[in-house]
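Since the structure comes first, as structure tokens, the remarks are kept for the end.
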Amino acid sequence: MSLDRYVLRGATAIVLAALPLTSGAQEHVGAHPPRPDPCGSGTLSVRLDGADSGEERYTVDCAADGTTRARGHSVISFGGMSADYVVVMELDAQLVPRLVTATGTSSSGPIDDTLVLEGAASTLTRNGAKQQIAAAEGAAYVGNNLFWPVALLLSRYDVGRGGRQQVPVFPALMATLEYQHADTIAPIDPTFAPHTFHRYSLALGSTPIVVWTDDHGRMAAIMVAPVRLLVTDTRHAAYAEALAKAGGLSGASLTTPSDYSAHADAAFTAEEVAIDAGDYSLAGTLLLPKGARPPYPAALTITGSGQQTRDSRLPIPGLEAYAPFREVAERLASAGIAVLRVDDRGVGGSTGAQTLESATTSSFADDVRAQLRFLRARRDIDGARLALIGHSEGALIAPIVASSDSTVAALVLMAGTAARGDSVLREQMEDLLSRDVMLSDEQRNVMREQQRTTLRRLAAGEPVPGVSGAAWLREFIAHDPLESIARVRQPVLILHGEHDRQVLAHHARAIARTLTESGNTNATLRIFPRLNHLFLPSATGAVSEYGTLERQSLPDEVLTTITEWLARTLRARAAGAAR
């Protein structure tokens, strides 16, 4: 499941994440943007979900010898947390921090940290207790819910070289920076003249963020769309609303890639389709096998959480080529199985964005039912041989549909959950806490309590600032997937990655066990070594690795397992196969 829904933001500190951003602003073309310049003073206004949520005042003193001393005072309150603290950094001539101190208070207790950054020998002293922390040499420091240091990080970008550049971030993240273009922003207030802001994409691990600088290279704004977070330099307050709109904060949506056609020598054709789903329509691509005799068996794909286009792409820099459902569809169509994949409602070519505020997993299950009706109405599709292929939340939806529709012939569940959503979210929280070496035990306990409070408020129907998709989350935390899985009687293929950190592999085993205990005699389980939640090879499976994975395509063993199992289960024949 993509992180914008599946990780519960606002339950602890904000976990930054964003959808791909599209701008309606006019692009300004130039040779290079001004070099990012962190030097000087500034005041940042922090707004979460349209509400004032804090302020940061900072000063960056740049000495003649190239060294830098930076100081920021942050007063922040959102998502159940609050903090009032001062951070001081001393940086060398390459803008690499060598000493960071933080003092003040937060909702988790007093803050008194001293961090000496010396690569692998970095040392954190917290309330007098020392610990060694491994970190890459040259790592930048940003800090959780700390925004002004982004200016220092951005200043490490070489505008002359351009393109995508990476900077390690303490302790174990990788920041990916890339200059995008210049936006000419007309403010909402017509008494102010249009102004040019230079847009950068910044990904911290798997987290895409938008950062703008002004014509002097000073950081002007930071935006994270799904959590509706906007941080603006007060000197540019008049442009804040227009910047938010240009960046997509008022309704970011995934765009549709221009070409879903089949390549010239493909063993299938590609037909663009529109599916009636009531008040909106779903745009998709139907692959039909060449040469094989209709009516064809067919499969439809179900994406994970968060609105995705039909190839199940993710808005993560470094994963631009990741299109798992396109790979699955083309492999199956080459084996004689028609495949329907659609843009989720409200994105790509599909309409229905107006429904997303109240949409839930049950709503998306109805979209799958609409797709099944569409396939069964076609004379070239065998309505008795239809399969559902779901990834993550899609693997939650598939059993909901199949348990109430005995005419579905087979299910492929990829990285599905086997516990109530609140339990899954707590499991994810524990994984995140165990990996954050900067947290004390007291802070971890406070964050756990903040998450429990948020879950209780969601369950009670109360609004929670900073938590997007409340209707979806409210249903998700109460839904037990094993209830529908226990009613599935169709053949099921269960696939999982051993290194999956978003949904641990024990969920796959629980799904298989539940099917068997409920009397399903055709359940197949396969756990792939080294694969993560995206079914890509990884070192640890951590989300922070997503943007730096060596491979962006599904391994052949995954595609072969799905294809051979479905071809056998649906009795498919590829073109030219004997009958």
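Each chain of the structure tokens is named A, B, ... in the order shown, its residues numbered from 1; ligands are numbered from 1 in display order.
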Any idea what's packed within 10 Å of Glu330 in chain A, counting only C-alpha atoms, ignoring anything in its chain fewer than 5 positions away? Could you give it as a tab-separated table (two decimals) with C-alpha atoms, in the first residue's frame?
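See around_32.tsv below for the written result:
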chain	number	residue	atom	x	y	z
A	262	ALA	CA	0.72	-2.46	-26.91
A	266	ALA	CA	3.18	-7.80	-28.62
A	267	ALA	CA	1.17	-11.02	-28.35
A	268	PHE	CA	-1.87	-8.95	-27.36
A	269	THR	CA	-3.84	-5.86	-28.27
A	270	ALA	CA	-4.60	-2.94	-25.94
A	287	LEU	CA	-5.35	-6.32	-22.94
A	288	LEU	CA	-6.70	-9.08	-25.20
A	289	PRO	CA	-4.56	-12.06	-26.32
A	325	PHE	CA	0.59	-4.08	-12.89
A	335	ALA	CA	-0.15	-16.33	-21.89
A	337	ILE	CA	-5.41	-14.26	-20.28
A	338	ALA	CA	-7.13	-10.94	-20.89
A	339	VAL	CA	-6.33	-8.30	-18.26
A	559	LEU	CA	5.73	-12.90	-12.81
Please identify all polymer residues within 9 Å of Arg71 in chain A, counting only C-alpha atoms, omitting same-chain residues fewer than 3 positions from it, and present them as a VMD selection string.
chain A and resid 57 to 61 86 to 90
Please produce an output containing C-alpha atoms for each residue in the selection, written as an mmCIF file, in the first residue's frame.
data_model
loop_
_atom_site.group_PDB
_atom_site.id
_atom_site.type_symbol
_atom_site.label_atom_id
_atom_site.label_comp_id
_atom_site.auth_asym_id
_atom_site.auth_seq_id
_atom_site.Cartn_x
_atom_site.Cartn_y
_atom_site.Cartn_z
ATOM 1 C CA ARG A 57 12.742 31.702 13.420
ATOM 2 C CA TYR A 58 16.246 30.964 12.217
ATOM 3 C CA THR A 59 19.574 32.615 11.482
ATOM 4 C CA VAL A 60 22.367 31.182 9.357
ATOM 5 C CA ASP A 61 25.719 32.967 9.783
ATOM 6 C CA VAL A 86 16.165 25.568 19.924
ATOM 7 C CA VAL A 87 18.502 23.756 17.539
ATOM 8 C CA VAL A 88 22.041 24.991 16.887
ATOM 9 C CA MET A 89 24.273 23.587 14.152
ATOM 10 C CA GLU A 90 27.930 24.086 13.347
#
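When only C-alpha atoms are used to compute distances to Thr213 in chain A, the closest of the residues A:Phe192, A:Tyr179, A:Tyr141, A:Trp565 turns out to be A:Tyr179.
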Among range 171-269 of chain A, which ones does DSSP assign to strand (DSSP E) (computed from the backbone)? Answer as JSON, numbers by chain.
{"A": [173, 174, 175, 176, 177, 178, 179, 180, 181, 182, 183, 184, 185, 195, 196, 197, 198, 199, 200, 201, 202, 203, 204, 207, 208, 209, 210, 211, 212, 213, 219, 220, 221, 222, 223, 224, 229, 230, 231, 232, 233, 268, 269]}
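Residues lying within 10 Å of Arg501 in chain A, counting only C-alpha atoms and ignoring same-chain neighbours fewer than 2 positions away, are Glu427, Gln428, Asp431, Leu432, Gly497, Glu498, His499, Val503, Leu504, Ala505, Asn532, His533, Thr540, Gly541, Ala542 and Val543 of chain A.
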So that I can check the surroundings of Leu549 in chain A, please list as a VMD selection string every protein, DNA and RNA residue that reaches within 10 Å of it, counting only C-alpha atoms and ignoring chain neighbours fewer than 6 positions away.
chain A and resid 318 to 319 536 to 539 541
Contacts of Thr105 in chain A at 8 Å or less, counting only C-alpha atoms, minus same-chain residues fewer than 3 places along, as an MDAnalysis selection string?
chainID A and resid 83:85 108:111
Residues from the last selection, all heavy atoms, saved as a short mmCIF file (atom, residue, chain, number, x, y, z; two decimals), in the first residue's frame:
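Final output, saved to again29.cif:
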data_model
loop_
_atom_site.label_atom_id
_atom_site.label_comp_id
_atom_site.auth_asym_id
_atom_site.auth_seq_id
_atom_site.Cartn_x
_atom_site.Cartn_y
_atom_site.Cartn_z
N ALA A 83 5.96 21.16 20.54
CA ALA A 83 7.38 21.29 20.85
C ALA A 83 7.77 22.77 20.85
O ALA A 83 7.22 23.57 20.10
CB ALA A 83 8.23 20.53 19.84
N ASP A 84 8.69 23.09 21.72
CA ASP A 84 9.28 24.43 21.79
C ASP A 84 10.76 24.21 22.05
O ASP A 84 11.17 23.91 23.18
CB ASP A 84 8.62 25.24 22.90
CG ASP A 84 9.14 26.68 22.97
OD1 ASP A 84 10.25 26.95 22.45
OD2 ASP A 84 8.45 27.53 23.56
N TYR A 85 11.58 24.32 21.02
CA TYR A 85 12.98 23.97 21.19
C TYR A 85 13.88 24.79 20.27
O TYR A 85 13.44 25.34 19.26
CB TYR A 85 13.21 22.48 20.96
CG TYR A 85 12.68 21.92 19.67
CD1 TYR A 85 13.50 21.78 18.55
CD2 TYR A 85 11.35 21.52 19.57
CE1 TYR A 85 13.01 21.26 17.38
CE2 TYR A 85 10.86 20.98 18.38
CZ TYR A 85 11.69 20.86 17.30
OH TYR A 85 11.20 20.34 16.12
N SER A 108 6.73 14.98 24.57
CA SER A 108 7.32 13.74 25.07
C SER A 108 8.32 13.98 26.19
O SER A 108 8.96 13.05 26.67
CB SER A 108 8.00 12.98 23.93
OG SER A 108 9.01 13.77 23.33
N GLY A 109 8.47 15.27 26.62
CA GLY A 109 9.37 15.55 27.72
C GLY A 109 10.44 16.55 27.36
O GLY A 109 10.44 17.13 26.27
N PRO A 110 11.40 16.79 28.28
CA PRO A 110 12.47 17.76 28.02
C PRO A 110 13.41 17.28 26.92
O PRO A 110 13.59 16.08 26.72
CB PRO A 110 13.20 17.86 29.37
CG PRO A 110 12.89 16.57 30.06
CD PRO A 110 11.50 16.19 29.63
N ILE A 111 13.98 18.25 26.21
CA ILE A 111 14.91 17.96 25.13
C ILE A 111 16.27 18.53 25.53
O ILE A 111 16.39 19.73 25.81
CB ILE A 111 14.46 18.60 23.80
CG1 ILE A 111 13.10 18.05 23.38
CG2 ILE A 111 15.50 18.37 22.71
CD1 ILE A 111 12.48 18.80 22.21
#
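Each of A:Glu550, A:Asp422, A:Asp276, A:Glu320 was compared to Asp367 in chain A using only C-alpha atoms, and A:Asp276 turns out to be the nearest.
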Enter the distance from CA of Ile188 in chain A to CA of Leu356 in chain A, in Å, rounded to one decimal.
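Those two atoms sit 26.6 Å apart.
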Give the helix (DSSP H, G or I) residues of range 94-180 of chain A, as assigned by DSSP on the backbone, as a PDB file with all heavy atoms, in the first residue's frame.
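So the final result, stored in result15.pdb, reads:
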ATOM      1  N   GLY A 119      30.647  10.721  10.941  1.00  0.00           N
ATOM      2  CA  GLY A 119      30.440   9.520  10.148  1.00  0.00           C
ATOM      3  C   GLY A 119      30.060   8.351  11.021  1.00  0.00           C
ATOM      4  O   GLY A 119      29.161   8.442  11.862  1.00  0.00           O
ATOM      5  N   ALA A 120      30.771   7.247  10.858  1.00  0.00           N
ATOM      6  CA  ALA A 120      30.446   6.030  11.601  1.00  0.00           C
ATOM      7  C   ALA A 120      30.650   6.200  13.098  1.00  0.00           C
ATOM      8  O   ALA A 120      30.119   5.416  13.894  1.00  0.00           O
ATOM      9  CB  ALA A 120      31.300   4.870  11.090  1.00  0.00           C
ATOM     10  N   ALA A 121      31.381   7.246  13.502  1.00  0.00           N
ATOM     11  CA  ALA A 121      31.676   7.433  14.920  1.00  0.00           C
ATOM     12  C   ALA A 121      30.790   8.495  15.557  1.00  0.00           C
ATOM     13  O   ALA A 121      31.114   9.020  16.614  1.00  0.00           O
ATOM     14  CB  ALA A 121      33.141   7.818  15.098  1.00  0.00           C
ATOM     15  N   VAL A 150      16.044  22.475   6.058  1.00  0.00           N
ATOM     16  CA  VAL A 150      15.920  22.117   4.638  1.00  0.00           C
ATOM     17  C   VAL A 150      16.677  23.106   3.780  1.00  0.00           C
ATOM     18  O   VAL A 150      17.224  22.755   2.724  1.00  0.00           O
ATOM     19  CB  VAL A 150      14.427  22.051   4.233  1.00  0.00           C
ATOM     20  CG1 VAL A 150      14.274  21.868   2.725  1.00  0.00           C
ATOM     21  CG2 VAL A 150      13.732  20.904   4.967  1.00  0.00           C
ATOM     22  N   ALA A 151      16.756  24.372   4.201  1.00  0.00           N
ATOM     23  CA  ALA A 151      17.509  25.373   3.448  1.00  0.00           C
ATOM     24  C   ALA A 151      18.984  24.987   3.357  1.00  0.00           C
ATOM     25  O   ALA A 151      19.636  25.170   2.317  1.00  0.00           O
ATOM     26  CB  ALA A 151      17.359  26.751   4.093  1.00  0.00           C
ATOM     27  N   LEU A 152      19.554  24.452   4.440  1.00  0.00           N
ATOM     28  CA  LEU A 152      20.942  24.011   4.440  1.00  0.00           C
ATOM     29  C   LEU A 152      21.126  22.793   3.552  1.00  0.00           C
ATOM     30  O   LEU A 152      22.114  22.675   2.810  1.00  0.00           O
ATOM     31  CB  LEU A 152      21.389  23.700   5.862  1.00  0.00           C
ATOM     32  CG  LEU A 152      21.440  24.900   6.818  1.00  0.00           C
ATOM     33  CD1 LEU A 152      21.522  24.424   8.258  1.00  0.00           C
ATOM     34  CD2 LEU A 152      22.617  25.800   6.470  1.00  0.00           C
ATOM     35  N   LEU A 153      20.174  21.864   3.610  1.00  0.00           N
ATOM     36  CA  LEU A 153      20.239  20.682   2.760  1.00  0.00           C
ATOM     37  C   LEU A 153      20.149  21.075   1.288  1.00  0.00           C
ATOM     38  O   LEU A 153      20.935  20.600   0.455  1.00  0.00           O
ATOM     39  CB  LEU A 153      19.102  19.729   3.117  1.00  0.00           C
ATOM     40  CG  LEU A 153      18.901  18.502   2.218  1.00  0.00           C
ATOM     41  CD1 LEU A 153      20.116  17.604   2.246  1.00  0.00           C
ATOM     42  CD2 LEU A 153      17.660  17.730   2.644  1.00  0.00           C
ATOM     43  N   LEU A 154      19.224  21.962   0.964  1.00  0.00           N
ATOM     44  CA  LEU A 154      19.036  22.375  -0.421  1.00  0.00           C
ATOM     45  C   LEU A 154      20.286  23.066  -0.972  1.00  0.00           C
ATOM     46  O   LEU A 154      20.588  22.964  -2.165  1.00  0.00           O
ATOM     47  CB  LEU A 154      17.835  23.320  -0.509  1.00  0.00           C
ATOM     48  CG  LEU A 154      17.322  23.669  -1.910  1.00  0.00           C
ATOM     49  CD1 LEU A 154      16.788  22.420  -2.603  1.00  0.00           C
ATOM     50  CD2 LEU A 154      16.241  24.738  -1.825  1.00  0.00           C
TER      51      LEU A 154
END
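Nearest to Pro295 in chain A of all the residues A:Met429, A:Ala377, A:Ala264, A:Ala246 is A:Ala377, counting only C-alpha atoms.
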Return the single residue from A:Asp556, A:Asp37, A:Asp233, A:Asp214 that is closest to Asp158 in chain A, with distances computed using only C-alpha atoms.
A:Asp37
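Distance annotation: of A:Pro555, A:Gly40, A:Gly416, A:Pro481, the residue with the minimal separation from His496 in chain A is A:Gly416; atom set is only C-alpha atoms.
Taking only C-alpha atoms, the non-local environment of Ser358 in chain A within 10 Å (same-chain residues fewer than 4 positions away omitted) comprises Gln354, Ser363, Gly469, Ala470, Ala471 and Trp472 of chain A.
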Between A:Thr453, A:Ser41, A:Asn520, A:Gln443, which has the minimum distance to Arg235 in chain A (counting only C-alpha atoms)?
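Of the candidates, the smallest distance to Arg235 in chain A is held by A:Ser41.
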Can you tell me, as a ChimeraX atom specification, what residues are no more than 7 Å from Val46 in chain A when counting only C-alpha atoms, ignoring any on the same chain fewer than 3 positions away?
/A:52-55,230-232
